[in-house]
Amino acid sequence: MEDYKMFSYYGTKKRLARLYPAPLYDTIIEPFAGAAGYSLLYPHKNVILYDTNPKICSIWEYLIKSSKDDILNLPDIKQGQKVTDFNLNKDQQYLIGFCINPGSANPKITASQRTSWNRYKINIANSVHKIKHWKIFNMSYENIHNIEATWYIDPPYQKVGKYYFGYNQMNYTKL
């Protein structure tokens, strides 16, 4: 079982995901993808991620398309530096933005004292080849077709989730 992260995200269940049973099917579906903590334990599976946050989807699209060298060529960022100080596209800024202030629901611009980007960068570079076959869709769980797969459903926090993208539209009763 693999154990790595691609980026930090508020409410990730990365530590808890390994306590869940292994997938029963070759396909894993994560309707609230975020940082895809469960799927990253089984990167060789056919992974289909869904998220309504366009920044999350953008990061996953970037990672799926990136090479090890693409990641290693991203700048090191130290406390106090801003992602806008570097010649980065939005996808790169979002990725680094989640890692320079771990546990945030939104990518940050300025690296905090808790920045983990330089550590994440090496980990991502060494792991990005494992997710080339993954797919990401900017879509609500309500529109996903029910197919035979291992579904890992980790919806946004209900009471303390006010920082999540689309929180005000989430219908927890229906969910």
# chains A, B, ... in the order shown; residues from 1 in each chain; ligands from 1
call {"tool": "residues_around", "arguments": {"residues": "A:Ala125", "least_positions_apart": "2", "cutoff": "10 Å", "atoms": "only C-alpha atoms", "output": "NGL selection string"}}
result
:A and (6 or 63 or 66-73 or 120-123 or 127-129)
call {"tool": "select_by_dssp", "arguments": {"residues": "stretch 95-125 of chain A", "states": "alpha helix (DSSP H)", "output": "list in words"}}
result
Leu95, Ile96, Gly97, Phe98, Cys99, Trp117, Asn118, Arg119, Tyr120, Lys121, Ile122, Asn123, Ile124 and Ala125 of chain A
call {"tool": "write_last_selection", "arguments": {"atoms": "all heavy atoms", "output": "compact mmCIF listing (two decimals), in the first residue's frame"}}
result
# COMPACT_ATOMS: atom_id res chain seq x y z
N LEU A 95 -1.36 24.60 -6.96
CA LEU A 95 -0.69 23.46 -6.35
C LEU A 95 0.23 23.92 -5.22
O LEU A 95 0.13 23.45 -4.08
CB LEU A 95 0.12 22.69 -7.40
CG LEU A 95 1.04 21.59 -6.86
CD1 LEU A 95 0.24 20.50 -6.17
CD2 LEU A 95 1.90 21.03 -8.00
N ILE A 96 1.10 24.84 -5.53
CA ILE A 96 2.04 25.33 -4.52
C ILE A 96 1.29 26.06 -3.42
O ILE A 96 1.62 25.93 -2.23
CB ILE A 96 3.11 26.24 -5.18
CG1 ILE A 96 3.96 25.41 -6.16
CG2 ILE A 96 4.00 26.88 -4.11
CD1 ILE A 96 4.88 26.25 -7.04
N GLY A 97 0.24 26.79 -3.79
CA GLY A 97 -0.55 27.55 -2.81
C GLY A 97 -1.16 26.69 -1.73
O GLY A 97 -1.33 27.14 -0.59
N PHE A 98 -1.54 25.46 -2.05
CA PHE A 98 -2.07 24.55 -1.03
C PHE A 98 -0.95 24.00 -0.14
O PHE A 98 -1.20 23.62 1.00
CB PHE A 98 -2.85 23.40 -1.65
CG PHE A 98 -4.27 23.75 -1.98
CD1 PHE A 98 -4.71 23.80 -3.28
CD2 PHE A 98 -5.18 24.02 -0.97
CE1 PHE A 98 -6.03 24.12 -3.59
CE2 PHE A 98 -6.50 24.35 -1.26
CZ PHE A 98 -6.92 24.39 -2.57
N CYS A 99 0.26 23.93 -0.67
CA CYS A 99 1.37 23.35 0.09
C CYS A 99 2.13 24.37 0.93
O CYS A 99 2.84 23.98 1.86
CB CYS A 99 2.33 22.66 -0.87
SG CYS A 99 1.58 21.28 -1.75
N TRP A 117 6.02 23.09 0.95
CA TRP A 117 6.15 22.93 -0.49
C TRP A 117 7.42 22.20 -0.90
O TRP A 117 7.38 21.29 -1.74
CB TRP A 117 6.07 24.28 -1.21
CG TRP A 117 6.53 24.17 -2.63
CD1 TRP A 117 7.59 24.79 -3.22
CD2 TRP A 117 5.95 23.34 -3.65
NE1 TRP A 117 7.71 24.41 -4.52
CE2 TRP A 117 6.71 23.51 -4.81
CE3 TRP A 117 4.87 22.46 -3.68
CZ2 TRP A 117 6.43 22.85 -6.01
CZ3 TRP A 117 4.59 21.80 -4.87
CH2 TRP A 117 5.36 22.00 -6.01
N ASN A 118 8.56 22.56 -0.37
CA ASN A 118 9.81 21.97 -0.84
C ASN A 118 9.85 20.46 -0.57
O ASN A 118 10.40 19.70 -1.37
CB ASN A 118 11.01 22.70 -0.23
CG ASN A 118 11.00 24.17 -0.62
OD1 ASN A 118 10.53 24.53 -1.70
ND2 ASN A 118 11.50 25.02 0.25
N ARG A 119 9.22 20.03 0.51
CA ARG A 119 9.11 18.59 0.81
C ARG A 119 8.11 17.94 -0.13
O ARG A 119 8.35 16.87 -0.68
CB ARG A 119 8.70 18.41 2.27
CG ARG A 119 8.58 16.98 2.72
CD ARG A 119 8.27 16.90 4.21
NE ARG A 119 7.32 17.92 4.62
CZ ARG A 119 6.05 17.68 4.94
NH1 ARG A 119 5.58 16.47 4.94
NH2 ARG A 119 5.25 18.65 5.31
N TYR A 120 6.97 18.59 -0.34
CA TYR A 120 5.95 18.07 -1.26
C TYR A 120 6.51 17.95 -2.67
O TYR A 120 6.21 16.98 -3.38
CB TYR A 120 4.73 18.99 -1.30
CG TYR A 120 3.69 18.70 -0.26
CD1 TYR A 120 3.61 19.47 0.89
CD2 TYR A 120 2.78 17.67 -0.42
CE1 TYR A 120 2.64 19.22 1.85
CE2 TYR A 120 1.81 17.42 0.53
CZ TYR A 120 1.75 18.19 1.67
OH TYR A 120 0.79 17.94 2.61
N LYS A 121 7.27 18.93 -3.09
CA LYS A 121 7.78 18.96 -4.46
C LYS A 121 8.54 17.68 -4.80
O LYS A 121 8.31 17.07 -5.85
CB LYS A 121 8.67 20.19 -4.66
CG LYS A 121 9.20 20.32 -6.07
CD LYS A 121 9.84 21.67 -6.29
CE LYS A 121 11.31 21.60 -6.14
NZ LYS A 121 11.99 22.78 -6.67
N ILE A 122 9.42 17.25 -3.93
CA ILE A 122 10.20 16.03 -4.15
C ILE A 122 9.27 14.82 -4.18
O ILE A 122 9.38 13.95 -5.05
CB ILE A 122 11.28 15.85 -3.06
CG1 ILE A 122 12.24 17.05 -3.06
CG2 ILE A 122 12.01 14.54 -3.23
CD1 ILE A 122 12.95 17.30 -4.35
N ASN A 123 8.36 14.75 -3.24
CA ASN A 123 7.42 13.65 -3.18
C ASN A 123 6.55 13.57 -4.44
O ASN A 123 6.35 12.50 -5.01
CB ASN A 123 6.53 13.79 -1.93
CG ASN A 123 5.68 12.58 -1.70
OD1 ASN A 123 6.14 11.46 -1.85
ND2 ASN A 123 4.43 12.80 -1.37
N ILE A 124 6.04 14.72 -4.87
CA ILE A 124 5.20 14.76 -6.07
C ILE A 124 6.01 14.32 -7.29
O ILE A 124 5.56 13.51 -8.09
CB ILE A 124 4.61 16.17 -6.29
CG1 ILE A 124 3.64 16.53 -5.17
CG2 ILE A 124 3.92 16.27 -7.64
CD1 ILE A 124 3.26 18.00 -5.13
N ALA A 125 7.21 14.87 -7.41
CA ALA A 125 8.06 14.54 -8.56
C ALA A 125 8.33 13.03 -8.64
O ALA A 125 8.32 12.45 -9.73
CB ALA A 125 9.38 15.30 -8.47
call {"tool": "residues_around", "arguments": {"residues": "A:Lys130", "least_positions_apart": "5", "cutoff": "9 Å", "atoms": "only C-alpha atoms", "output": "PyMOL selection string"}}
result
chain A and resi 43-44+64
call {"tool": "closest_atom_pairs", "arguments": {"of": "stretch 26-49 of chain A", "to": "stretch 136-144 of chain A", "cutoff": "6 Å", "atoms": "only C-alpha atoms", "output": "CSV"}}
result
residue,atom,partner,partner_atom,distance
A:Pro31,CA,A:Tyr141,CA,5.3
A:Ile48,CA,A:Ile136,CA,5.9
A:Leu49,CA,A:Ile136,CA,4.6
call {"tool": "select_by_dssp", "arguments": {"residues": "chain A", "states": "strand (DSSP E or B)", "output": "MDAnalysis selection string"}}
result
chainID A and resid 27:30 46:51 82 110 135:138 150:151
call {"tool": "write_last_selection", "arguments": {"atoms": "all heavy atoms", "output": "compact mmCIF listing (two decimals), in the first residue's frame"}}
result
# COMPACT_ATOMS: atom_id res chain seq x y z
N THR A 27 -11.79 -0.11 -10.32
CA THR A 27 -12.06 1.32 -10.44
C THR A 27 -12.39 1.90 -9.07
O THR A 27 -13.15 1.30 -8.31
CB THR A 27 -13.24 1.57 -11.39
OG1 THR A 27 -12.88 1.09 -12.70
CG2 THR A 27 -13.58 3.05 -11.48
N ILE A 28 -11.79 3.03 -8.78
CA ILE A 28 -12.09 3.80 -7.57
C ILE A 28 -12.71 5.12 -8.01
O ILE A 28 -12.18 5.77 -8.92
CB ILE A 28 -10.83 4.09 -6.73
CG1 ILE A 28 -10.20 2.80 -6.24
CG2 ILE A 28 -11.17 5.02 -5.56
CD1 ILE A 28 -8.85 3.01 -5.55
N ILE A 29 -13.80 5.49 -7.35
CA ILE A 29 -14.43 6.77 -7.63
C ILE A 29 -14.44 7.58 -6.34
O ILE A 29 -14.90 7.11 -5.30
CB ILE A 29 -15.88 6.59 -8.15
CG1 ILE A 29 -15.83 5.87 -9.50
CG2 ILE A 29 -16.60 7.93 -8.26
CD1 ILE A 29 -17.20 5.53 -10.06
N GLU A 30 -13.90 8.81 -6.42
CA GLU A 30 -13.95 9.74 -5.29
C GLU A 30 -14.78 10.94 -5.71
O GLU A 30 -14.31 11.81 -6.43
CB GLU A 30 -12.54 10.19 -4.87
CG GLU A 30 -11.80 9.17 -4.06
CD GLU A 30 -10.73 9.76 -3.17
OE1 GLU A 30 -11.03 10.72 -2.41
OE2 GLU A 30 -9.58 9.28 -3.23
N ASN A 46 -7.82 2.13 -11.60
CA ASN A 46 -8.48 3.07 -12.51
C ASN A 46 -9.20 4.09 -11.63
O ASN A 46 -10.27 3.80 -11.11
CB ASN A 46 -9.46 2.32 -13.41
CG ASN A 46 -10.24 3.23 -14.31
OD1 ASN A 46 -9.76 4.28 -14.71
ND2 ASN A 46 -11.46 2.84 -14.61
N VAL A 47 -8.62 5.25 -11.45
CA VAL A 47 -9.14 6.25 -10.53
C VAL A 47 -9.89 7.34 -11.29
O VAL A 47 -9.36 7.90 -12.25
CB VAL A 47 -8.01 6.86 -9.67
CG1 VAL A 47 -8.52 8.00 -8.82
CG2 VAL A 47 -7.37 5.78 -8.80
N ILE A 48 -11.10 7.62 -10.82
CA ILE A 48 -11.91 8.69 -11.39
C ILE A 48 -12.27 9.64 -10.26
O ILE A 48 -12.95 9.27 -9.31
CB ILE A 48 -13.19 8.15 -12.07
CG1 ILE A 48 -12.83 7.04 -13.08
CG2 ILE A 48 -13.94 9.29 -12.75
CD1 ILE A 48 -14.03 6.31 -13.63
N LEU A 49 -11.78 10.86 -10.37
CA LEU A 49 -12.01 11.88 -9.36
C LEU A 49 -13.05 12.87 -9.85
O LEU A 49 -13.09 13.21 -11.04
CB LEU A 49 -10.71 12.64 -9.06
CG LEU A 49 -9.50 11.81 -8.65
CD1 LEU A 49 -8.27 12.71 -8.54
CD2 LEU A 49 -9.75 11.08 -7.35
N TYR A 50 -13.87 13.36 -8.91
CA TYR A 50 -14.86 14.39 -9.20
C TYR A 50 -14.76 15.45 -8.11
O TYR A 50 -14.61 15.12 -6.93
CB TYR A 50 -16.29 13.82 -9.18
CG TYR A 50 -16.55 12.80 -10.24
CD1 TYR A 50 -16.31 11.46 -10.02
CD2 TYR A 50 -17.07 13.19 -11.47
CE1 TYR A 50 -16.57 10.51 -11.00
CE2 TYR A 50 -17.33 12.25 -12.46
CZ TYR A 50 -17.08 10.91 -12.21
OH TYR A 50 -17.34 9.99 -13.18
N ASP A 51 -14.86 16.70 -8.50
CA ASP A 51 -14.89 17.78 -7.54
C ASP A 51 -15.56 18.98 -8.20
O ASP A 51 -15.44 19.16 -9.41
CB ASP A 51 -13.49 18.15 -7.06
CG ASP A 51 -13.49 18.75 -5.66
OD1 ASP A 51 -14.01 19.87 -5.49
OD2 ASP A 51 -13.00 18.09 -4.74
N LYS A 82 6.11 34.75 -2.11
CA LYS A 82 4.77 34.64 -2.70
C LYS A 82 4.85 33.84 -4.00
O LYS A 82 5.83 33.96 -4.74
CB LYS A 82 4.22 36.02 -3.01
CG LYS A 82 4.04 36.91 -1.81
CD LYS A 82 3.57 38.30 -2.26
CE LYS A 82 3.51 39.27 -1.11
NZ LYS A 82 2.46 39.04 -0.17
N THR A 110 1.16 33.60 -0.04
CA THR A 110 2.39 33.80 0.71
C THR A 110 2.70 32.58 1.57
O THR A 110 1.84 32.09 2.29
CB THR A 110 2.28 35.05 1.62
OG1 THR A 110 1.90 36.17 0.81
CG2 THR A 110 3.59 35.35 2.31
N LYS A 135 -8.36 10.13 -14.07
CA LYS A 135 -9.24 11.12 -14.71
C LYS A 135 -9.84 12.01 -13.63
O LYS A 135 -10.12 11.55 -12.53
CB LYS A 135 -10.35 10.42 -15.49
CG LYS A 135 -9.85 9.63 -16.68
CD LYS A 135 -11.00 9.02 -17.44
CE LYS A 135 -10.51 8.34 -18.68
NZ LYS A 135 -10.09 6.98 -18.47
N ILE A 136 -10.04 13.27 -13.97
CA ILE A 136 -10.67 14.24 -13.07
C ILE A 136 -11.78 14.95 -13.82
O ILE A 136 -11.61 15.32 -14.99
CB ILE A 136 -9.65 15.26 -12.49
CG1 ILE A 136 -10.33 16.31 -11.61
CG2 ILE A 136 -8.84 15.93 -13.58
CD1 ILE A 136 -10.78 15.86 -10.27
N PHE A 137 -12.92 15.11 -13.15
CA PHE A 137 -14.05 15.82 -13.75
C PHE A 137 -14.54 16.89 -12.78
O PHE A 137 -14.71 16.62 -11.60
CB PHE A 137 -15.20 14.84 -14.06
CG PHE A 137 -14.83 13.82 -15.09
CD1 PHE A 137 -14.37 12.57 -14.71
CD2 PHE A 137 -14.92 14.12 -16.44
CE1 PHE A 137 -14.02 11.63 -15.66
CE2 PHE A 137 -14.57 13.19 -17.40
CZ PHE A 137 -14.11 11.93 -17.00
N ASN A 138 -14.77 18.07 -13.32
CA ASN A 138 -15.33 19.18 -12.55
C ASN A 138 -16.84 19.01 -12.56
O ASN A 138 -17.53 19.56 -13.40
CB ASN A 138 -14.90 20.51 -13.17
CG ASN A 138 -15.30 21.71 -12.36
OD1 ASN A 138 -15.52 22.77 -12.90
ND2 ASN A 138 -15.38 21.59 -11.05
N THR A 150 -15.34 0.84 -6.50
CA THR A 150 -15.19 1.16 -5.09
C THR A 150 -15.37 2.66 -4.97
O THR A 150 -14.60 3.43 -5.54
CB THR A 150 -13.80 0.74 -4.56
OG1 THR A 150 -13.69 -0.68 -4.69
CG2 THR A 150 -13.62 1.14 -3.12
N TRP A 151 -16.39 3.06 -4.26
CA TRP A 151 -16.71 4.47 -4.08
C TRP A 151 -16.16 4.90 -2.73
O TRP A 151 -16.52 4.34 -1.70
CB TRP A 151 -18.21 4.70 -4.14
CG TRP A 151 -18.80 4.53 -5.50
CD1 TRP A 151 -18.88 3.37 -6.22
CD2 TRP A 151 -19.39 5.54 -6.30
NE1 TRP A 151 -19.49 3.59 -7.42
CE2 TRP A 151 -19.83 4.92 -7.50
CE3 TRP A 151 -19.62 6.90 -6.12
CZ2 TRP A 151 -20.45 5.63 -8.51
CZ3 TRP A 151 -20.26 7.60 -7.13
CH2 TRP A 151 -20.65 6.98 -8.31
call {"tool": "residues_around", "arguments": {"residues": "A:Phe86", "least_positions_apart": "5", "cutoff": "12 Å", "atoms": "only C-alpha atoms", "output": "PyMOL selection string"}}
result
chain A and resi 73-77+81+92-93+96+109-110
call {"tool": "write_last_selection", "arguments": {"atoms": "N, CA, C and O atoms", "output": "PDB file, in the first residue's frame"}}
result
ATOM      1  N   ASN A  73      11.280  21.290 -11.723  1.00  0.00           N
ATOM      2  CA  ASN A  73      11.628  22.624 -12.234  1.00  0.00           C
ATOM      3  C   ASN A  73      10.825  23.746 -11.594  1.00  0.00           C
ATOM      4  O   ASN A  73      11.108  24.925 -11.840  1.00  0.00           O
ATOM      5  N   LEU A  74       9.835  23.394 -10.773  1.00  0.00           N
ATOM      6  CA  LEU A  74       9.106  24.432 -10.045  1.00  0.00           C
ATOM      7  C   LEU A  74      10.026  25.021  -8.975  1.00  0.00           C
ATOM      8  O   LEU A  74      10.898  24.327  -8.443  1.00  0.00           O
ATOM      9  N   PRO A  75       9.863  26.286  -8.658  1.00  0.00           N
ATOM     10  CA  PRO A  75      10.787  26.929  -7.709  1.00  0.00           C
ATOM     11  C   PRO A  75      10.609  26.426  -6.278  1.00  0.00           C
ATOM     12  O   PRO A  75       9.526  25.998  -5.877  1.00  0.00           O
ATOM     13  N   ASP A  76      11.704  26.469  -5.540  1.00  0.00           N
ATOM     14  CA  ASP A  76      11.622  26.295  -4.091  1.00  0.00           C
ATOM     15  C   ASP A  76      11.039  27.594  -3.549  1.00  0.00           C
ATOM     16  O   ASP A  76      11.339  28.675  -4.061  1.00  0.00           O
ATOM     17  N   ILE A  77      10.203  27.485  -2.550  1.00  0.00           N
ATOM     18  CA  ILE A  77       9.581  28.676  -1.980  1.00  0.00           C
ATOM     19  C   ILE A  77       9.766  28.643  -0.474  1.00  0.00           C
ATOM     20  O   ILE A  77       9.439  27.655   0.185  1.00  0.00           O
ATOM     21  N   GLN A  81       7.884  34.216   0.982  1.00  0.00           N
ATOM     22  CA  GLN A  81       7.836  34.397  -0.471  1.00  0.00           C
ATOM     23  C   GLN A  81       6.415  34.164  -0.968  1.00  0.00           C
ATOM     24  O   GLN A  81       5.624  33.459  -0.336  1.00  0.00           O
ATOM     25  N   GLN A  92       0.035  25.793 -11.427  1.00  0.00           N
ATOM     26  CA  GLN A  92       1.214  25.696 -10.562  1.00  0.00           C
ATOM     27  C   GLN A  92       1.027  26.527  -9.300  1.00  0.00           C
ATOM     28  O   GLN A  92       1.401  26.093  -8.209  1.00  0.00           O
ATOM     29  N   GLN A  93       0.455  27.719  -9.450  1.00  0.00           N
ATOM     30  CA  GLN A  93       0.197  28.555  -8.276  1.00  0.00           C
ATOM     31  C   GLN A  93      -0.775  27.878  -7.309  1.00  0.00           C
ATOM     32  O   GLN A  93      -0.569  27.917  -6.100  1.00  0.00           O
ATOM     33  N   ILE A  96       1.101  24.844  -5.530  1.00  0.00           N
ATOM     34  CA  ILE A  96       2.045  25.334  -4.525  1.00  0.00           C
ATOM     35  C   ILE A  96       1.289  26.064  -3.415  1.00  0.00           C
ATOM     36  O   ILE A  96       1.625  25.927  -2.231  1.00  0.00           O
ATOM     37  N   ILE A 109      -1.169  32.563  -1.199  1.00  0.00           N
ATOM     38  CA  ILE A 109      -0.192  33.244  -2.044  1.00  0.00           C
ATOM     39  C   ILE A 109       1.163  33.341  -1.342  1.00  0.00           C
ATOM     40  O   ILE A 109       2.201  33.142  -1.954  1.00  0.00           O
ATOM     41  N   THR A 110       1.157  33.602  -0.038  1.00  0.00           N
ATOM     42  CA  THR A 110       2.395  33.800   0.711  1.00  0.00           C
ATOM     43  C   THR A 110       2.703  32.583   1.566  1.00  0.00           C
ATOM     44  O   THR A 110       1.841  32.092   2.293  1.00  0.00           O
TER      45      THR A 110
END
call {"tool": "closest_residue", "arguments": {"among": "A:Ile100, A:Tyr20, A:Ile147, A:Ala35", "to": "A:Val83", "atoms": "only C-alpha atoms"}}
result
A:Ile100
call {"tool": "residues_around", "arguments": {"residues": "A:Ser112", "least_positions_apart": "4", "cutoff": "9 Å", "atoms": "only C-alpha atoms", "output": "PyMOL selection string"}}
result
chain A and resi 78-81+100-102+108
call {"tool": "write_last_selection", "arguments": {"atoms": "all heavy atoms", "output": "PDB file, in the first residue's frame"}}
result
ATOM      1  N   LYS A  78      10.292  29.727   0.050  1.00  0.00           N
ATOM      2  CA  LYS A  78      10.569  29.823   1.482  1.00  0.00           C
ATOM      3  C   LYS A  78       9.537  30.717   2.171  1.00  0.00           C
ATOM      4  O   LYS A  78       8.831  31.476   1.510  1.00  0.00           O
ATOM      5  CB  LYS A  78      11.968  30.396   1.684  1.00  0.00           C
ATOM      6  CG  LYS A  78      13.070  29.519   1.101  1.00  0.00           C
ATOM      7  CD  LYS A  78      14.415  30.225   1.223  1.00  0.00           C
ATOM      8  CE  LYS A  78      15.532  29.404   0.632  1.00  0.00           C
ATOM      9  NZ  LYS A  78      15.514  29.277  -0.803  1.00  0.00           N
ATOM     10  N   GLN A  79       9.493  30.613   3.461  1.00  0.00           N
ATOM     11  CA  GLN A  79       8.582  31.429   4.265  1.00  0.00           C
ATOM     12  C   GLN A  79       8.676  32.896   3.849  1.00  0.00           C
ATOM     13  O   GLN A  79       9.761  33.445   3.698  1.00  0.00           O
ATOM     14  CB  GLN A  79       8.908  31.292   5.751  1.00  0.00           C
ATOM     15  CG  GLN A  79       8.009  32.119   6.631  1.00  0.00           C
ATOM     16  CD  GLN A  79       8.374  32.011   8.106  1.00  0.00           C
ATOM     17  OE1 GLN A  79       9.201  31.206   8.507  1.00  0.00           O
ATOM     18  NE2 GLN A  79       7.763  32.849   8.918  1.00  0.00           N
ATOM     19  N   GLY A  80       7.534  33.527   3.640  1.00  0.00           N
ATOM     20  CA  GLY A  80       7.467  34.941   3.276  1.00  0.00           C
ATOM     21  C   GLY A  80       7.442  35.190   1.776  1.00  0.00           C
ATOM     22  O   GLY A  80       7.015  36.262   1.339  1.00  0.00           O
ATOM     23  N   GLN A  81       7.884  34.216   0.982  1.00  0.00           N
ATOM     24  CA  GLN A  81       7.836  34.397  -0.471  1.00  0.00           C
ATOM     25  C   GLN A  81       6.415  34.164  -0.968  1.00  0.00           C
ATOM     26  O   GLN A  81       5.624  33.459  -0.336  1.00  0.00           O
ATOM     27  CB  GLN A  81       8.798  33.432  -1.166  1.00  0.00           C
ATOM     28  CG  GLN A  81      10.256  33.797  -0.955  1.00  0.00           C
ATOM     29  CD  GLN A  81      11.188  32.866  -1.735  1.00  0.00           C
ATOM     30  OE1 GLN A  81      11.110  31.653  -1.587  1.00  0.00           O
ATOM     31  NE2 GLN A  81      12.055  33.454  -2.550  1.00  0.00           N
ATOM     32  N   ILE A 100       2.013  25.645   0.621  1.00  0.00           N
ATOM     33  CA  ILE A 100       2.754  26.645   1.402  1.00  0.00           C
ATOM     34  C   ILE A 100       2.021  27.033   2.676  1.00  0.00           C
ATOM     35  O   ILE A 100       2.573  27.728   3.526  1.00  0.00           O
ATOM     36  CB  ILE A 100       3.096  27.907   0.573  1.00  0.00           C
ATOM     37  CG1 ILE A 100       1.846  28.615   0.075  1.00  0.00           C
ATOM     38  CG2 ILE A 100       4.052  27.552  -0.554  1.00  0.00           C
ATOM     39  CD1 ILE A 100       2.091  29.935  -0.642  1.00  0.00           C
ATOM     40  N   ASN A 101       0.790  26.594   2.803  1.00  0.00           N
ATOM     41  CA  ASN A 101       0.016  26.813   4.026  1.00  0.00           C
ATOM     42  C   ASN A 101      -0.860  25.573   4.219  1.00  0.00           C
ATOM     43  O   ASN A 101      -2.048  25.592   3.902  1.00  0.00           O
ATOM     44  CB  ASN A 101      -0.819  28.081   3.922  1.00  0.00           C
ATOM     45  CG  ASN A 101      -1.366  28.490   5.274  1.00  0.00           C
ATOM     46  OD1 ASN A 101      -1.274  27.767   6.257  1.00  0.00           O
ATOM     47  ND2 ASN A 101      -1.961  29.661   5.329  1.00  0.00           N
ATOM     48  N   PRO A 102      -0.276  24.468   4.706  1.00  0.00           N
ATOM     49  CA  PRO A 102      -0.978  23.180   4.765  1.00  0.00           C
ATOM     50  C   PRO A 102      -2.297  23.237   5.528  1.00  0.00           C
ATOM     51  O   PRO A 102      -2.447  23.961   6.497  1.00  0.00           O
ATOM     52  CB  PRO A 102       0.016  22.274   5.494  1.00  0.00           C
ATOM     53  CG  PRO A 102       1.332  22.936   5.347  1.00  0.00           C
ATOM     54  CD  PRO A 102       1.066  24.404   5.259  1.00  0.00           C
ATOM     55  N   LYS A 108      -3.043  29.474  -0.979  1.00  0.00           N
ATOM     56  CA  LYS A 108      -2.533  30.735  -0.456  1.00  0.00           C
ATOM     57  C   LYS A 108      -1.501  31.317  -1.414  1.00  0.00           C
ATOM     58  O   LYS A 108      -0.993  30.638  -2.304  1.00  0.00           O
ATOM     59  CB  LYS A 108      -1.911  30.531   0.928  1.00  0.00           C
ATOM     60  CG  LYS A 108      -2.878  29.939   1.949  1.00  0.00           C
ATOM     61  CD  LYS A 108      -4.092  30.810   2.139  1.00  0.00           C
ATOM     62  CE  LYS A 108      -5.014  30.223   3.190  1.00  0.00           C
ATOM     63  NZ  LYS A 108      -6.297  30.845   3.260  1.00  0.00           N
TER      64      LYS A 108
END
call {"tool": "residues_around", "arguments": {"residues": "A:Asp91", "least_positions_apart": "5", "cutoff": "10 Å", "atoms": "only C-alpha atoms", "output": "ChimeraX atom specification"}}
result
/A:55-63,96-97
call {"tool": "write_last_selection", "arguments": {"atoms": "C-alpha atoms", "output": "mmCIF file, in the first residue's frame"}}
result
data_model
loop_
_atom_site.group_PDB
_atom_site.id
_atom_site.type_symbol
_atom_site.label_atom_id
_atom_site.label_comp_id
_atom_site.auth_asym_id
_atom_site.auth_seq_id
_atom_site.Cartn_x
_atom_site.Cartn_y
_atom_site.Cartn_z
ATOM 1 C CA LYS A 55 -9.014 24.890 -8.575
ATOM 2 C CA ILE A 56 -8.891 21.314 -7.270
ATOM 3 C CA CYS A 57 -9.726 19.994 -10.733
ATOM 4 C CA SER A 58 -7.103 22.248 -12.273
ATOM 5 C CA ILE A 59 -4.432 20.921 -9.917
ATOM 6 C CA TRP A 60 -5.294 17.295 -10.707
ATOM 7 C CA GLU A 61 -5.318 17.973 -14.453
ATOM 8 C CA TYR A 62 -1.907 19.590 -14.121
ATOM 9 C CA LEU A 63 -0.495 16.716 -12.051
ATOM 10 C CA ILE A 96 2.045 25.334 -4.525
ATOM 11 C CA GLY A 97 -0.547 27.546 -2.814
#
call {"tool": "closest_residue", "arguments": {"among": "A:Asp154, A:Glu148, A:His133, A:Thr84", "to": "A:Asp26", "atoms": "only C-alpha atoms"}}
result
A:Glu148
call {"tool": "decode", "arguments": {"residues": "stretch 33-44 of chain A", "atoms": "N, CA and C atoms", "output": "PDB file, in the first residue's frame"}}
result
ATOM      1  N   ALA A  33     -13.262  14.748  -4.459  1.00  0.00           N
ATOM      2  CA  ALA A  33     -11.850  14.384  -4.612  1.00  0.00           C
ATOM      3  C   ALA A  33     -10.920  15.078  -3.643  1.00  0.00           C
ATOM      4  N   GLY A  34     -10.971  16.398  -3.584  1.00  0.00           N
ATOM      5  CA  GLY A  34      -9.996  17.097  -2.752  1.00  0.00           C
ATOM      6  C   GLY A  34      -8.601  16.601  -3.076  1.00  0.00           C
ATOM      7  N   ALA A  35      -7.853  16.190  -2.070  1.00  0.00           N
ATOM      8  CA  ALA A  35      -6.488  15.703  -2.255  1.00  0.00           C
ATOM      9  C   ALA A  35      -6.436  14.204  -2.530  1.00  0.00           C
ATOM     10  N   ALA A  36      -7.582  13.554  -2.692  1.00  0.00           N
ATOM     11  CA  ALA A  36      -7.686  12.137  -3.102  1.00  0.00           C
ATOM     12  C   ALA A  36      -6.901  11.188  -2.196  1.00  0.00           C
ATOM     13  N   GLY A  37      -7.067  11.370  -0.901  1.00  0.00           N
ATOM     14  CA  GLY A  37      -6.323  10.568   0.065  1.00  0.00           C
ATOM     15  C   GLY A  37      -6.484   9.070  -0.072  1.00  0.00           C
ATOM     16  N   TYR A  38      -7.688   8.594  -0.355  1.00  0.00           N
ATOM     17  CA  TYR A  38      -7.910   7.156  -0.506  1.00  0.00           C
ATOM     18  C   TYR A  38      -7.292   6.639  -1.811  1.00  0.00           C
ATOM     19  N   SER A  39      -7.570   7.317  -2.889  1.00  0.00           N
ATOM     20  CA  SER A  39      -7.074   6.865  -4.195  1.00  0.00           C
ATOM     21  C   SER A  39      -5.556   6.826  -4.255  1.00  0.00           C
ATOM     22  N   LEU A  40      -4.897   7.735  -3.568  1.00  0.00           N
ATOM     23  CA  LEU A  40      -3.431   7.747  -3.580  1.00  0.00           C
ATOM     24  C   LEU A  40      -2.831   6.508  -2.918  1.00  0.00           C
ATOM     25  N   LEU A  41      -3.620   5.814  -2.139  1.00  0.00           N
ATOM     26  CA  LEU A  41      -3.148   4.554  -1.565  1.00  0.00           C
ATOM     27  C   LEU A  41      -3.109   3.444  -2.618  1.00  0.00           C
ATOM     28  N   TYR A  42      -3.851   3.631  -3.702  1.00  0.00           N
ATOM     29  CA  TYR A  42      -3.977   2.620  -4.753  1.00  0.00           C
ATOM     30  C   TYR A  42      -3.835   3.264  -6.135  1.00  0.00           C
ATOM     31  N   PRO A  43      -2.716   3.921  -6.398  1.00  0.00           N
ATOM     32  CA  PRO A  43      -2.598   4.697  -7.640  1.00  0.00           C
ATOM     33  C   PRO A  43      -2.653   3.848  -8.904  1.00  0.00           C
ATOM     34  N   HIS A  44      -2.388   2.556  -8.803  1.00  0.00           N
ATOM     35  CA  HIS A  44      -2.417   1.670  -9.963  1.00  0.00           C
ATOM     36  C   HIS A  44      -3.844   1.356 -10.427  1.00  0.00           C
TER      37      HIS A  44
END
